[in-house]
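Novice: Structure file protein_2.pdb (PDB, N, CA and C atoms and all ligand atoms) is given on the next line.
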```pdb
MODEL        1
ATOM      1  N   MET Z  27       0.835  -1.206   0.000  1.00  0.00           N
ATOM      2  CA  MET Z  27       0.000   0.000   0.000  1.00  0.00           C
ATOM      3  C   MET Z  27       0.864   1.249   0.000  1.00  0.00           C
ATOM      4  N   VAL Z  28       0.570   2.070  -0.926  1.00  0.00           N
ATOM      5  CA  VAL Z  28       1.359   3.300  -1.039  1.00  0.00           C
ATOM      6  C   VAL Z  28       0.673   4.428  -0.276  1.00  0.00           C
ATOM      7  N   GLU Z  29       1.427   4.938   0.593  1.00  0.00           N
ATOM      8  CA  GLU Z  29       0.877   6.057   1.345  1.00  0.00           C
ATOM      9  C   GLU Z  29       1.241   7.356   0.661  1.00  0.00           C
ATOM     10  N   GLU Z  30       0.244   8.062   0.327  1.00  0.00           N
ATOM     11  CA  GLU Z  30       0.521   9.299  -0.397  1.00  0.00           C
ATOM     12  C   GLU Z  30       0.676  10.475   0.545  1.00  0.00           C
ATOM     13  N   ASP Z  31       1.719  11.159   0.284  1.00  0.00           N
ATOM     14  CA  ASP Z  31       1.908  12.375   1.058  1.00  0.00           C
ATOM     15  C   ASP Z  31       1.274  13.532   0.311  1.00  0.00           C
ATOM     16  N   ILE Z  32       0.264  14.011   0.873  1.00  0.00           N
ATOM     17  CA  ILE Z  32      -0.360  15.151   0.219  1.00  0.00           C
ATOM     18  C   ILE Z  32       0.213  16.433   0.813  1.00  0.00           C
ATOM     19  N   ASP Z  33       1.051  16.983   0.004  1.00  0.00           N
ATOM     20  CA  ASP Z  33       1.647  18.229   0.471  1.00  0.00           C
ATOM     21  C   ASP Z  33       0.739  19.393   0.129  1.00  0.00           C
ATOM     22  N   GLU Z  34       0.428  20.087   1.122  1.00  0.00           N
ATOM     23  CA  GLU Z  34      -0.362  21.273   0.850  1.00  0.00           C
ATOM     24  C   GLU Z  34       0.541  22.336   0.258  1.00  0.00           C
ATOM     25  N   PRO Z  35       0.068  22.896  -0.813  1.00  0.00           N
ATOM     26  CA  PRO Z  35       0.891  23.937  -1.438  1.00  0.00           C
ATOM     27  C   PRO Z  35       1.097  25.111  -0.489  1.00  0.00           C
ATOM     28  N   VAL Z  36       2.325  25.519  -0.460  1.00  0.00           N
ATOM     29  CA  VAL Z  36       2.638  26.644   0.407  1.00  0.00           C
ATOM     30  C   VAL Z  36       2.277  27.924  -0.326  1.00  0.00           C
ATOM     31  N   VAL Z  37       1.351  28.585   0.238  1.00  0.00           N
ATOM     32  CA  VAL Z  37       0.933  29.838  -0.374  1.00  0.00           C
ATOM     33  C   VAL Z  37       1.663  30.983   0.303  1.00  0.00           C
ATOM     34  N   GLU Z  38       2.434  31.614  -0.506  1.00  0.00           N
ATOM     35  CA  GLU Z  38       3.151  32.752   0.061  1.00  0.00           C
ATOM     36  C   GLU Z  38       2.276  33.987  -0.042  1.00  0.00           C
ATOM     37  N   THR Z  39       1.831  34.384   1.064  1.00  0.00           N
ATOM     38  CA  THR Z  39       0.992  35.570   1.047  1.00  0.00           C
ATOM     39  C   THR Z  39       1.834  36.765   1.456  1.00  0.00           C
ATOM     40  N   PHE Z  40       1.894  37.639   0.554  1.00  0.00           N
ATOM     41  CA  PHE Z  40       2.580  38.877   0.908  1.00  0.00           C
ATOM     42  C   PHE Z  40       1.580  39.996   0.804  1.00  0.00           C
ATOM     43  N   ASP Z  41       1.699  40.854   1.710  1.00  0.00           N
ATOM     44  CA  ASP Z  41       0.758  41.946   1.763  1.00  0.00           C
ATOM     45  C   ASP Z  41       1.156  43.048   0.791  1.00  0.00           C
ATOM     46  N   VAL Z  42       0.272  43.287  -0.126  1.00  0.00           N
ATOM     47  CA  VAL Z  42       0.521  44.396  -1.028  1.00  0.00           C
ATOM     48  C   VAL Z  42       0.016  45.661  -0.346  1.00  0.00           C
ATOM     49  N   ASN Z  43       0.824  46.633  -0.378  1.00  0.00           N
ATOM     50  CA  ASN Z  43       0.412  47.878   0.252  1.00  0.00           C
ATOM     51  C   ASN Z  43      -0.083  48.876  -0.776  1.00  0.00           C
ATOM     52  N   TYR Z  44      -1.096  49.551  -0.395  1.00  0.00           N
ATOM     53  CA  TYR Z  44      -1.627  50.596  -1.239  1.00  0.00           C
ATOM     54  C   TYR Z  44      -1.513  51.902  -0.491  1.00  0.00           C
ATOM     55  N   SER Z  45      -1.200  52.918  -1.221  1.00  0.00           N
ATOM     56  CA  SER Z  45      -1.171  54.210  -0.561  1.00  0.00           C
ATOM     57  C   SER Z  45      -2.192  55.133  -1.194  1.00  0.00           C
ATOM     58  N   CYS Z  46      -2.873  55.845  -0.347  1.00  0.00           N
ATOM     59  CA  CYS Z  46      -3.919  56.749  -0.782  1.00  0.00           C
ATOM     60  C   CYS Z  46      -3.308  57.900  -1.572  1.00  0.00           C
ATOM     61  N   LEU Z  47      -3.972  58.221  -2.658  1.00  0.00           N
ATOM     62  CA  LEU Z  47      -3.452  59.291  -3.511  1.00  0.00           C
ATOM     63  C   LEU Z  47      -3.609  60.657  -2.869  1.00  0.00           C
ATOM     64  N   ARG Z  48      -4.513  60.743  -1.958  1.00  0.00           N
ATOM     65  CA  ARG Z  48      -4.758  62.049  -1.377  1.00  0.00           C
ATOM     66  C   ARG Z  48      -3.936  62.301  -0.117  1.00  0.00           C
ATOM     67  N   CYS Z  49      -4.052  61.398   0.829  1.00  0.00           N
ATOM     68  CA  CYS Z  49      -3.364  61.655   2.092  1.00  0.00           C
ATOM     69  C   CYS Z  49      -2.105  60.820   2.267  1.00  0.00           C
ATOM     70  N   GLY Z  50      -1.956  59.840   1.388  1.00  0.00           N
ATOM     71  CA  GLY Z  50      -0.726  59.069   1.440  1.00  0.00           C
ATOM     72  C   GLY Z  50      -0.693  57.986   2.497  1.00  0.00           C
ATOM     73  N   THR Z  51      -1.830  57.739   3.090  1.00  0.00           N
ATOM     74  CA  THR Z  51      -1.894  56.679   4.091  1.00  0.00           C
ATOM     75  C   THR Z  51      -1.685  55.322   3.432  1.00  0.00           C
ATOM     76  N   THR Z  52      -0.830  54.556   4.007  1.00  0.00           N
ATOM     77  CA  THR Z  52      -0.577  53.234   3.456  1.00  0.00           C
ATOM     78  C   THR Z  52      -1.504  52.211   4.103  1.00  0.00           C
ATOM     79  N   VAL Z  53      -2.201  51.514   3.248  1.00  0.00           N
ATOM     80  CA  VAL Z  53      -3.112  50.486   3.736  1.00  0.00           C
ATOM     81  C   VAL Z  53      -2.719  49.183   3.078  1.00  0.00           C
ATOM     82  N   SER Z  54      -2.720  48.146   3.858  1.00  0.00           N
ATOM     83  CA  SER Z  54      -2.401  46.854   3.278  1.00  0.00           C
ATOM     84  C   SER Z  54      -3.630  46.268   2.600  1.00  0.00           C
ATOM     85  N   HIS Z  55      -3.359  45.367   1.708  1.00  0.00           N
ATOM     86  CA  HIS Z  55      -4.444  44.752   0.948  1.00  0.00           C
ATOM     87  C   HIS Z  55      -5.399  44.004   1.868  1.00  0.00           C
ATOM     88  N   THR Z  56      -4.838  43.376   2.874  1.00  0.00           N
ATOM     89  CA  THR Z  56      -5.665  42.656   3.840  1.00  0.00           C
ATOM     90  C   THR Z  56      -6.588  43.606   4.562  1.00  0.00           C
ATOM     91  N   GLU Z  57      -6.031  44.728   4.866  1.00  0.00           N
ATOM     92  CA  GLU Z  57      -6.815  45.733   5.574  1.00  0.00           C
ATOM     93  C   GLU Z  57      -7.978  46.211   4.713  1.00  0.00           C
ATOM     94  N   LEU Z  58      -7.691  46.398   3.453  1.00  0.00           N
ATOM     95  CA  LEU Z  58      -8.738  46.863   2.544  1.00  0.00           C
ATOM     96  C   LEU Z  58      -9.824  45.820   2.357  1.00  0.00           C
ATOM     97  N   ASN Z  59      -9.416  44.581   2.360  1.00  0.00           N
ATOM     98  CA  ASN Z  59     -10.381  43.510   2.170  1.00  0.00           C
ATOM     99  C   ASN Z  59     -11.348  43.395   3.330  1.00  0.00           C
ATOM    100  N   ARG Z  60     -10.898  43.843   4.456  1.00  0.00           N
ATOM    101  CA  ARG Z  60     -11.745  43.761   5.631  1.00  0.00           C
ATOM    102  C   ARG Z  60     -12.842  44.814   5.601  1.00  0.00           C
ATOM    103  N   LEU Z  61     -12.589  45.846   4.846  1.00  0.00           N
ATOM    104  CA  LEU Z  61     -13.561  46.920   4.793  1.00  0.00           C
ATOM    105  C   LEU Z  61     -14.696  46.583   3.834  1.00  0.00           C
ATOM    106  N   PRO Z  62     -15.866  47.083   4.139  1.00  0.00           N
ATOM    107  CA  PRO Z  62     -17.010  46.841   3.244  1.00  0.00           C
ATOM    108  C   PRO Z  62     -16.800  47.456   1.869  1.00  0.00           C
ATOM    109  N   GLU Z  63     -16.057  48.513   1.829  1.00  0.00           N
ATOM    110  CA  GLU Z  63     -15.715  49.090   0.537  1.00  0.00           C
ATOM    111  C   GLU Z  63     -14.301  49.640   0.595  1.00  0.00           C
ATOM    112  N   ILE Z  64     -13.697  49.641  -0.573  1.00  0.00           N
ATOM    113  CA  ILE Z  64     -12.323  50.114  -0.614  1.00  0.00           C
ATOM    114  C   ILE Z  64     -12.294  51.631  -0.517  1.00  0.00           C
ATOM    115  N   LYS Z  65     -11.858  52.053   0.602  1.00  0.00           N
ATOM    116  CA  LYS Z  65     -11.907  53.469   0.890  1.00  0.00           C
ATOM    117  C   LYS Z  65     -10.866  53.785   1.943  1.00  0.00           C
ATOM    118  N   CYS Z  66     -10.255  54.901   1.770  1.00  0.00           N
ATOM    119  CA  CYS Z  66      -9.269  55.319   2.747  1.00  0.00           C
ATOM    120  C   CYS Z  66      -9.968  55.939   3.955  1.00  0.00           C
ATOM    121  N   ILE Z  67      -9.216  56.089   5.006  1.00  0.00           N
ATOM    122  CA  ILE Z  67      -9.792  56.716   6.195  1.00  0.00           C
ATOM    123  C   ILE Z  67     -10.197  58.152   5.921  1.00  0.00           C
ATOM    124  N   CYS Z  68      -9.570  58.746   4.916  1.00  0.00           N
ATOM    125  CA  CYS Z  68      -9.897  60.128   4.587  1.00  0.00           C
ATOM    126  C   CYS Z  68     -11.095  60.205   3.647  1.00  0.00           C
ATOM    127  N   GLY Z  69     -11.545  59.048   3.171  1.00  0.00           N
ATOM    128  CA  GLY Z  69     -12.715  59.029   2.312  1.00  0.00           C
ATOM    129  C   GLY Z  69     -12.382  58.900   0.842  1.00  0.00           C
ATOM    130  N   PHE Z  70     -11.125  59.039   0.526  1.00  0.00           N
ATOM    131  CA  PHE Z  70     -10.695  58.940  -0.861  1.00  0.00           C
ATOM    132  C   PHE Z  70     -10.634  57.483  -1.281  1.00  0.00           C
ATOM    133  N   ARG Z  71     -10.912  57.250  -2.532  1.00  0.00           N
ATOM    134  CA  ARG Z  71     -10.977  55.860  -2.967  1.00  0.00           C
ATOM    135  C   ARG Z  71      -9.913  55.482  -3.974  1.00  0.00           C
ATOM    136  N   VAL Z  72      -9.044  56.403  -4.280  1.00  0.00           N
ATOM    137  CA  VAL Z  72      -8.029  56.073  -5.262  1.00  0.00           C
ATOM    138  C   VAL Z  72      -6.713  55.742  -4.561  1.00  0.00           C
ATOM    139  N   PHE Z  73      -6.254  54.568  -4.854  1.00  0.00           N
ATOM    140  CA  PHE Z  73      -5.015  54.126  -4.239  1.00  0.00           C
ATOM    141  C   PHE Z  73      -3.976  53.813  -5.307  1.00  0.00           C
ATOM    142  N   THR Z  74      -2.762  53.998  -4.938  1.00  0.00           N
ATOM    143  CA  THR Z  74      -1.707  53.531  -5.809  1.00  0.00           C
ATOM    144  C   THR Z  74      -1.074  52.325  -5.142  1.00  0.00           C
ATOM    145  N   LYS Z  75      -0.652  51.429  -5.973  1.00  0.00           N
ATOM    146  CA  LYS Z  75      -0.057  50.228  -5.448  1.00  0.00           C
ATOM    147  C   LYS Z  75       1.382  50.515  -5.058  1.00  0.00           C
ATOM    148  N   ALA Z  76       1.632  50.320  -3.810  1.00  0.00           N
ATOM    149  CA  ALA Z  76       3.002  50.502  -3.363  1.00  0.00           C
ATOM    150  C   ALA Z  76       3.780  49.231  -3.663  1.00  0.00           C
ATOM    151  N   ARG Z  77       5.050  49.359  -3.647  1.00  0.00           N
ATOM    152  CA  ARG Z  77       5.855  48.193  -3.968  1.00  0.00           C
ATOM    153  C   ARG Z  77       5.713  47.117  -2.903  1.00  0.00           C
ATOM    154  N   PRO Z  78       5.504  45.895  -3.348  1.00  0.00           N
ATOM    155  CA  PRO Z  78       5.421  44.817  -2.363  1.00  0.00           C
ATOM    156  C   PRO Z  78       6.749  44.647  -1.645  1.00  0.00           C
ATOM    157  N   PRO Z  79       6.669  44.278  -0.413  1.00  0.00           N
ATOM    158  CA  PRO Z  79       7.903  44.101   0.343  1.00  0.00           C
ATOM    159  C   PRO Z  79       8.754  42.989  -0.244  1.00  0.00           C
ATOM    160  N   VAL Z  80      10.009  43.236  -0.293  1.00  0.00           N
ATOM    161  CA  VAL Z  80      10.927  42.244  -0.841  1.00  0.00           C
ATOM    162  C   VAL Z  80      11.096  41.118   0.165  1.00  0.00           C
ATOM    163  N   VAL Z  81      10.811  39.938  -0.329  1.00  0.00           N
ATOM    164  CA  VAL Z  81      10.942  38.791   0.559  1.00  0.00           C
ATOM    165  C   VAL Z  81      12.379  38.300   0.518  1.00  0.00           C
ATOM    166  N   LYS Z  82      12.980  38.370   1.646  1.00  0.00           N
ATOM    167  CA  LYS Z  82      14.367  37.925   1.721  1.00  0.00           C
ATOM    168  C   LYS Z  82      14.458  36.675   2.573  1.00  0.00           C
ATOM    169  N   THR Z  83      15.216  35.766   2.068  1.00  0.00           N
ATOM    170  CA  THR Z  83      15.417  34.560   2.856  1.00  0.00           C
ATOM    171  C   THR Z  83      16.705  34.696   3.632  1.00  0.00           C
ATOM    172  N   ILE Z  84      16.536  34.767   4.891  1.00  0.00           N
ATOM    173  CA  ILE Z  84      17.716  34.904   5.744  1.00  0.00           C
ATOM    174  C   ILE Z  84      17.899  33.621   6.550  1.00  0.00           C
ATOM    175  N   LYS Z  85      19.019  33.054   6.380  1.00  0.00           N
ATOM    176  CA  LYS Z  85      19.267  31.817   7.118  1.00  0.00           C
ATOM    177  C   LYS Z  85      19.701  32.146   8.540  1.00  0.00           C
ATOM    178  N   ALA Z  86      18.923  31.652   9.436  1.00  0.00           N
ATOM    179  CA  ALA Z  86      19.280  31.858  10.831  1.00  0.00           C
ATOM    180  C   ALA Z  86      20.265  30.781  11.245  1.00  0.00           C
ATOM    181  N   VAL Z  87      21.401  31.218  11.665  1.00  0.00           N
ATOM    182  CA  VAL Z  87      22.424  30.245  12.041  1.00  0.00           C
ATOM    183  C   VAL Z  87      22.329  29.953  13.543  1.00  0.00           C
TER
HETATM  184 ZN    ZN U 101      -6.503  58.989   2.274  1.00  0.00          ZN
ENDMDL
END
```
Could the structure of this file be written out as structure tokens, please?
Ligand SMILES: [Zn+2]
Specialist:
Amino acid sequence: MVEEDIDEPVVETFDVNYSCLRCGTTVSHTELNRLPEIKCICGFRVFTKARPPVVKTIKAV
């Protein structure tokens, strides 16, 4: 009998940050998803996509 190892795919979730065009507040994508509508705290709805954080693999010795 072959036992299958079902590896769950590792989903790398990185938070994309958006910054409001008006006030410049940075909101993460997760944060925006939690809101009923995509809107900044200042009421503005236009966001620019900020650069996603660079994922660095650092080996801990
Ligand atoms: Zn704003």
Novice: Between Z:Leu58, Z:Asp41, Z:Cys68, Z:Glu29, which has the minimum distance to ligand ZN 101 (chain U) (counting all atoms listed in the file)?
Specialist: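 Using all atoms listed in the file, ligand ZN 101 (chain U) sits closest to Z:Cys68.
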Novice: As a list in words, please: every protein or nucleic acid residue near ligand ZN 101 (chain U) (cut-off 7 Å, counting only C-alpha atoms and all ligand atoms).
Specialist: Cys46, Leu47, Arg48, Cys49, Gly50, Thr51, Cys66, Ile67, Cys68, Gly69 and Phe70 of chain Z
Novice: Mind dumping the selected residues with N, CA and C atoms as a PDB file, keeping the file's coordinate frame?
Specialist:
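Written file, part08.pdb:
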```pdb
ATOM      1  N   CYS Z  46      -2.873  55.845  -0.347  1.00  0.00           N
ATOM      2  CA  CYS Z  46      -3.919  56.749  -0.782  1.00  0.00           C
ATOM      3  C   CYS Z  46      -3.308  57.900  -1.572  1.00  0.00           C
ATOM      4  N   LEU Z  47      -3.972  58.221  -2.658  1.00  0.00           N
ATOM      5  CA  LEU Z  47      -3.452  59.291  -3.511  1.00  0.00           C
ATOM      6  C   LEU Z  47      -3.609  60.657  -2.869  1.00  0.00           C
ATOM      7  N   ARG Z  48      -4.513  60.743  -1.958  1.00  0.00           N
ATOM      8  CA  ARG Z  48      -4.758  62.049  -1.377  1.00  0.00           C
ATOM      9  C   ARG Z  48      -3.936  62.301  -0.117  1.00  0.00           C
ATOM     10  N   CYS Z  49      -4.052  61.398   0.829  1.00  0.00           N
ATOM     11  CA  CYS Z  49      -3.364  61.655   2.092  1.00  0.00           C
ATOM     12  C   CYS Z  49      -2.105  60.820   2.267  1.00  0.00           C
ATOM     13  N   GLY Z  50      -1.956  59.840   1.388  1.00  0.00           N
ATOM     14  CA  GLY Z  50      -0.726  59.069   1.440  1.00  0.00           C
ATOM     15  C   GLY Z  50      -0.693  57.986   2.497  1.00  0.00           C
ATOM     16  N   THR Z  51      -1.830  57.739   3.090  1.00  0.00           N
ATOM     17  CA  THR Z  51      -1.894  56.679   4.091  1.00  0.00           C
ATOM     18  C   THR Z  51      -1.685  55.322   3.432  1.00  0.00           C
ATOM     19  N   CYS Z  66     -10.255  54.901   1.770  1.00  0.00           N
ATOM     20  CA  CYS Z  66      -9.269  55.319   2.747  1.00  0.00           C
ATOM     21  C   CYS Z  66      -9.968  55.939   3.955  1.00  0.00           C
ATOM     22  N   ILE Z  67      -9.216  56.089   5.006  1.00  0.00           N
ATOM     23  CA  ILE Z  67      -9.792  56.716   6.195  1.00  0.00           C
ATOM     24  C   ILE Z  67     -10.197  58.152   5.921  1.00  0.00           C
ATOM     25  N   CYS Z  68      -9.570  58.746   4.916  1.00  0.00           N
ATOM     26  CA  CYS Z  68      -9.897  60.128   4.587  1.00  0.00           C
ATOM     27  C   CYS Z  68     -11.095  60.205   3.647  1.00  0.00           C
ATOM     28  N   GLY Z  69     -11.545  59.048   3.171  1.00  0.00           N
ATOM     29  CA  GLY Z  69     -12.715  59.029   2.312  1.00  0.00           C
ATOM     30  C   GLY Z  69     -12.382  58.900   0.842  1.00  0.00           C
ATOM     31  N   PHE Z  70     -11.125  59.039   0.526  1.00  0.00           N
ATOM     32  CA  PHE Z  70     -10.695  58.940  -0.861  1.00  0.00           C
ATOM     33  C   PHE Z  70     -10.634  57.483  -1.281  1.00  0.00           C
TER      34      PHE Z  70
END
```
Novice: Looking only at strand (DSSP E or B) from DSSP on the backbone, list the matching residues of chain Z as a JSON list (two decimals) with N, CA and C atoms, keeping the file's coordinate frame.
Specialist:
```
[["chain", "number", "residue", "atom", "x", "y", "z"],
["Z", 43, "ASN", "N", 0.82, 46.63, -0.38],
["Z", 43, "ASN", "CA", 0.41, 47.88, 0.25],
["Z", 43, "ASN", "C", -0.08, 48.88, -0.78],
["Z", 44, "TYR", "N", -1.10, 49.55, -0.40],
["Z", 44, "TYR", "CA", -1.63, 50.60, -1.24],
["Z", 44, "TYR", "C", -1.51, 51.90, -0.49],
["Z", 45, "SER", "N", -1.20, 52.92, -1.22],
["Z", 45, "SER", "CA", -1.17, 54.21, -0.56],
["Z", 45, "SER", "C", -2.19, 55.13, -1.19],
["Z", 46, "CYS", "N", -2.87, 55.84, -0.35],
["Z", 46, "CYS", "CA", -3.92, 56.75, -0.78],
["Z", 46, "CYS", "C", -3.31, 57.90, -1.57],
["Z", 52, "THR", "N", -0.83, 54.56, 4.01],
["Z", 52, "THR", "CA", -0.58, 53.23, 3.46],
["Z", 52, "THR", "C", -1.50, 52.21, 4.10],
["Z", 53, "VAL", "N", -2.20, 51.51, 3.25],
["Z", 53, "VAL", "CA", -3.11, 50.49, 3.74],
["Z", 53, "VAL", "C", -2.72, 49.18, 3.08],
["Z", 54, "SER", "N", -2.72, 48.15, 3.86],
["Z", 54, "SER", "CA", -2.40, 46.85, 3.28],
["Z", 54, "SER", "C", -3.63, 46.27, 2.60],
["Z", 73, "PHE", "N", -6.25, 54.57, -4.85],
["Z", 73, "PHE", "CA", -5.01, 54.13, -4.24],
["Z", 73, "PHE", "C", -3.98, 53.81, -5.31],
["Z", 74, "THR", "N", -2.76, 54.00, -4.94],
["Z", 74, "THR", "CA", -1.71, 53.53, -5.81],
["Z", 74, "THR", "C", -1.07, 52.32, -5.14],
["Z", 75, "LYS", "N", -0.65, 51.43, -5.97],
["Z", 75, "LYS", "CA", -0.06, 50.23, -5.45],
["Z", 75, "LYS", "C", 1.38, 50.52, -5.06]]
```
Novice: Name the closest residue to Z:Phe73 among the candidates Z:Ala86, Z:Arg60, Z:Ser45, Z:Thr52; distances are taken between atoms, counting all atoms listed in the file.
Specialist: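 Among the listed residues, the smallest separation from Z:Phe73 belongs to Z:Ser45.
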Novice: Record the distance separating atom C of Z:Asn43 and atom N of Z:Arg77, expressed in Å with one decimal.
Specialist: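 We find that atom C of Z:Asn43 and atom N of Z:Arg77 lie 5.9 Å from each other.
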Novice: Could you state the separation of atom N of Z:Lys65 and atom C of Z:Val81 in Å, given to one decimal place?
Specialist: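 That distance, rounded to one decimal, is 27.9 Å.
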Novice: One decimal, in Å: what's the spacing between atom CA of Z:Pro35 and atom CA of Z:Ala76?
Specialist: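 These two atoms are separated by 26.7 Å.
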